[in-house]
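Here the structure is laid out as structure tokens; the discussion comes afterwards.
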Amino acid sequence: MPERNLDQRLLAILAADVAGYSRLMEANERATVNALDAARAVFRDHAAAHRGRIVDTAGDSVLAVFPSAIGAVQAALAIQDELGERNETVLEEQRMHFRIGVNLGDVIEKDDGSVYGSGVNVAARLESLAAPGGIMISEDVHRQVMGKVTKDFEDAGTHAVKNIAKPVQAFRVITESGLDTSPCVDKPLNLPDKPSIAVLPFDNLSRDADQEYFADGIAEDLITALSRIRWMFVTARNSSFAYKGQSPDVRHVGRELGVRYVLEGSVRKGGNRLRISAKLIDASTGNYVWAERYDRELVDLFDLQDEITEALVATLQTEVGQFESERAHRKAPQNLDAWECYQRGMWHLWRASNAENLAEACGLFQRAIDLDPNFAQPVAALANTLYLQIVSTYVESPIETLNQALQVANRAIALDDKEALAHHALGRIQTTRGEFELAIETLRTAINLNPSLALAHYALGNALLQDEQLGEAVIEYDTAIRLSPRDPLIFTFYQFRAVAQLLLGDYEAAVRDAQRAVLHPAAASFACATLASGLALLDRHVAAKTALDKLLEVRPEFDPYIVLASFSPLNPKALRPLYKPWVDGLRKAGLAISE
């Protein structure tokens, strides 16, 4: 097959689409199609006038290329001016507003005139950042046109955009009055200083009208449950349900409601089974952050509604938290605000396999506190990180650090006694202090405040374990795993459930869970030790020796009694009787242990 002729060139790329296109089509398909055709003629005329050409018009979009950045920006300005004048003669609800992004980059041009490459992708991302009727340009374009066009520009900040490795520096084109080029369009709402989400009404894809109530119930319960998460801003039901029966562009929803994320979903009934689908979308780009499907037997509708709501809320906490942490991690350190410092600290905390990550997390949480002393979440996270440094034996003075952690956790609760993460941190510290009954009560408070907080169920499992309530501990570990099966700290859920099962005498179950834990790249030596102990107790001596060798390769100085002392620094020998089977298994595997 002859090789295709692919020409790579440096071009200015103009990407555009219609704001609220789905809403316009829903209102009047024929009028919208006619208006889109007329608008594309405007694009075509002004592109040609500036030596450019249209290369694609898929859906409601327009893609054009120009030999120069100046030509592309001048065409964009002329296009928005003419479209703005046309809109003055149209009813407001029927006006068609385009967002335009302009980038300068290398593109691959095929024989048929179509173009591809990261330069095109960046232009599309800039378009998604523009306001309706507005123009957003890249830093390279800004450098080329500054002082050469009759408009001013406003720095719109650096944006980490999907599938583009390097953050994009954007500039907004403004008029002399400082407004976007389409002054008749309302400015989008500013985003809150914490993650914001709108839960749209779930679509009923079944013919059964009764499922309409179930679909609405899922969305309403989600709004209520998410509102209990203190670090999340949730749009009220009346605002998000205004889109019921529509198929809105989620980017338009994000701008109208001032949210970063939009959750949409559907419900479909088939026989006695129900399928619920949910998608979390980044409203700034329209890209999916996460999607999941739940298939369930239709037995008790209300119980099913509660189960699905609980599962969705738990997953959303994890997915939004990870996405926010990754976003903050990509931002330049000197530009971080309090929320971003907190999220960047969480990025390190979730990789808490070494002392360096925990120390970095502590520093970032403290910086967030310095920037906003009344922000409870980083205070709670700092207390939790100090606790982890103690149990990981990374501190020289564990009792001193434990006292510091206790003070920090109490401060977090004083700042916000409805913050579940603060009670979670305090409960973990109380467990380490040997105050098991108090810890169990505190952690149950955290769960009452946020029933979907998997970390609180896991921490409660640990408190119950240390209090020798082993069966109850396993139940809490089961709940944590069910709520957050893709949790960044899932390996810790498995490794402690493995210990509880080992102490109960169920060595097979202990080995299965320990094997799951050690497969995780961030797994600690404790998981390897539990695997070696369980295998030895099953008389699987060769496998136990292999697991022990891996443990000593990771941590040559491993001493089970030092580990147990870190779990209870105020009384270093307190847990030895409880953990005797675990220690005996390690000794049987071949570990030399001095009393």
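Here, A, B, ... name the chains of the structure tokens in the order displayed, residue numbers run from 1 inside each chain, and ligands are numbered from 1 in the same displayed order.
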
**Report entry** Which of stretch 267-332 of chain A DSSP labels alpha helix (DSSP H), written as a list in words
**Finding:** Leu301, Phe302, Asp303, Leu304, Gln305, Asp306, Glu307, Ile308, Thr309, Glu310, Ala311, Leu312, Val313, Ala314, Thr315, Leu316, Gln317, Thr318, Glu319, Val320, Gly321, Gln322, Phe323, Glu324, Ser325, Glu326, Arg327, Ala328 and His329 of chain A

Requested in this report: Can you pull out every residue within 8 Å of stretch 76-89 of chain A, counting only C-alpha atoms, but drop anything in the same chain fewer than 6 positions away, and send it as a VMD selection string?
Outcome: chain A and resid 14 39 42 to 43 46 95 to 98 100 133 to 135 181 to 182

Would you export the selected residues with N, CA and C atoms as a PDB file, in the first residue's frame, please?
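Result written to part-v4.pdb:
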```
ATOM      1  N   LEU A  14      -8.359  27.782  14.328  1.00  0.00           N
ATOM      2  CA  LEU A  14      -9.541  28.381  14.951  1.00  0.00           C
ATOM      3  C   LEU A  14     -10.572  27.279  15.150  1.00  0.00           C
ATOM      4  N   ALA A  39     -24.685  30.918  10.088  1.00  0.00           N
ATOM      5  CA  ALA A  39     -23.492  31.272  10.852  1.00  0.00           C
ATOM      6  C   ALA A  39     -22.239  30.706  10.205  1.00  0.00           C
ATOM      7  N   VAL A  42     -20.947  32.870   7.587  1.00  0.00           N
ATOM      8  CA  VAL A  42     -20.188  33.986   8.151  1.00  0.00           C
ATOM      9  C   VAL A  42     -18.743  33.543   8.423  1.00  0.00           C
ATOM     10  N   PHE A  43     -18.582  32.387   9.018  1.00  0.00           N
ATOM     11  CA  PHE A  43     -17.234  31.853   9.267  1.00  0.00           C
ATOM     12  C   PHE A  43     -16.475  31.708   7.949  1.00  0.00           C
ATOM     13  N   HIS A  46     -15.390  35.221   6.376  1.00  0.00           N
ATOM     14  CA  HIS A  46     -14.328  35.931   7.076  1.00  0.00           C
ATOM     15  C   HIS A  46     -13.020  35.129   7.106  1.00  0.00           C
ATOM     16  N   ARG A  95     -31.098  33.211  20.217  1.00  0.00           N
ATOM     17  CA  ARG A  95     -29.801  33.668  19.730  1.00  0.00           C
ATOM     18  C   ARG A  95     -28.762  32.562  19.768  1.00  0.00           C
ATOM     19  N   MET A  96     -27.930  32.514  18.750  1.00  0.00           N
ATOM     20  CA  MET A  96     -26.880  31.502  18.647  1.00  0.00           C
ATOM     21  C   MET A  96     -25.539  32.164  18.920  1.00  0.00           C
ATOM     22  N   HIS A  97     -24.908  31.762  20.014  1.00  0.00           N
ATOM     23  CA  HIS A  97     -23.621  32.318  20.417  1.00  0.00           C
ATOM     24  C   HIS A  97     -22.529  31.265  20.248  1.00  0.00           C
ATOM     25  N   PHE A  98     -21.461  31.654  19.582  1.00  0.00           N
ATOM     26  CA  PHE A  98     -20.325  30.750  19.385  1.00  0.00           C
ATOM     27  C   PHE A  98     -19.210  31.068  20.377  1.00  0.00           C
ATOM     28  N   ILE A 100     -15.081  30.650  20.646  1.00  0.00           N
ATOM     29  CA  ILE A 100     -13.976  30.470  19.701  1.00  0.00           C
ATOM     30  C   ILE A 100     -12.660  30.350  20.460  1.00  0.00           C
ATOM     31  N   GLY A 133     -19.930  33.739  22.874  1.00  0.00           N
ATOM     32  CA  GLY A 133     -19.676  35.009  22.206  1.00  0.00           C
ATOM     33  C   GLY A 133     -18.259  35.504  22.399  1.00  0.00           C
ATOM     34  N   GLY A 134     -17.421  34.734  23.076  1.00  0.00           N
ATOM     35  CA  GLY A 134     -16.067  35.175  23.395  1.00  0.00           C
ATOM     36  C   GLY A 134     -14.997  34.448  22.607  1.00  0.00           C
ATOM     37  N   ILE A 135     -13.759  34.924  22.773  1.00  0.00           N
ATOM     38  CA  ILE A 135     -12.597  34.350  22.083  1.00  0.00           C
ATOM     39  C   ILE A 135     -11.503  34.112  23.112  1.00  0.00           C
ATOM     40  N   THR A 181     -16.464  39.762  23.593  1.00  0.00           N
ATOM     41  CA  THR A 181     -16.855  40.363  22.329  1.00  0.00           C
ATOM     42  C   THR A 181     -18.352  40.272  22.067  1.00  0.00           C
ATOM     43  N   SER A 182     -19.092  39.588  22.907  1.00  0.00           N
ATOM     44  CA  SER A 182     -20.550  39.563  22.778  1.00  0.00           C
ATOM     45  C   SER A 182     -21.157  40.054  24.079  1.00  0.00           C
TER      46      SER A 182
END
```

**Report entry** Residue list (strand (DSSP E), DSSP) for stretch 35-81 of chain A, as a PyMOL selection string
**Finding:** chain A and resi 53-56+62-66

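Nearest residue to A:Thr431 among A:Ile223, A:Met136, A:Val262, A:Leu402 is A:Leu402, counting only C-alpha atoms.
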
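Between atom CA of A:Thr432 and atom CA of A:Val391 lies a distance of 8.3 Å.
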
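Nearest-residue note for A:Gly117: choosing from A:Lys269, A:Arg444, A:Arg587, A:Arg9, the minimum distance belongs to A:Arg9, counting only C-alpha atoms.
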
Report summary line: Between atom CA of A:Lys151 and atom CA of A:Gln169 lies a distance of 18.5 Å

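Coordinates place atom CA of A:Gly286 at a distance of 14.0 Å from atom CA of A:Ser61.
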
Query raised in the report: So which residues touch A:Ala459 within 8 Å, counting only C-alpha atoms, skipping near sequence neighbours fewer than 2 positions away, as a PyMOL selection string?
Result: chain A and resi 424+427-428+443+455-457+461-463

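Closest approach to A:Ile229 among A:Leu24, A:Leu126, A:Leu449, A:Leu205: A:Leu449, based on only C-alpha atoms.
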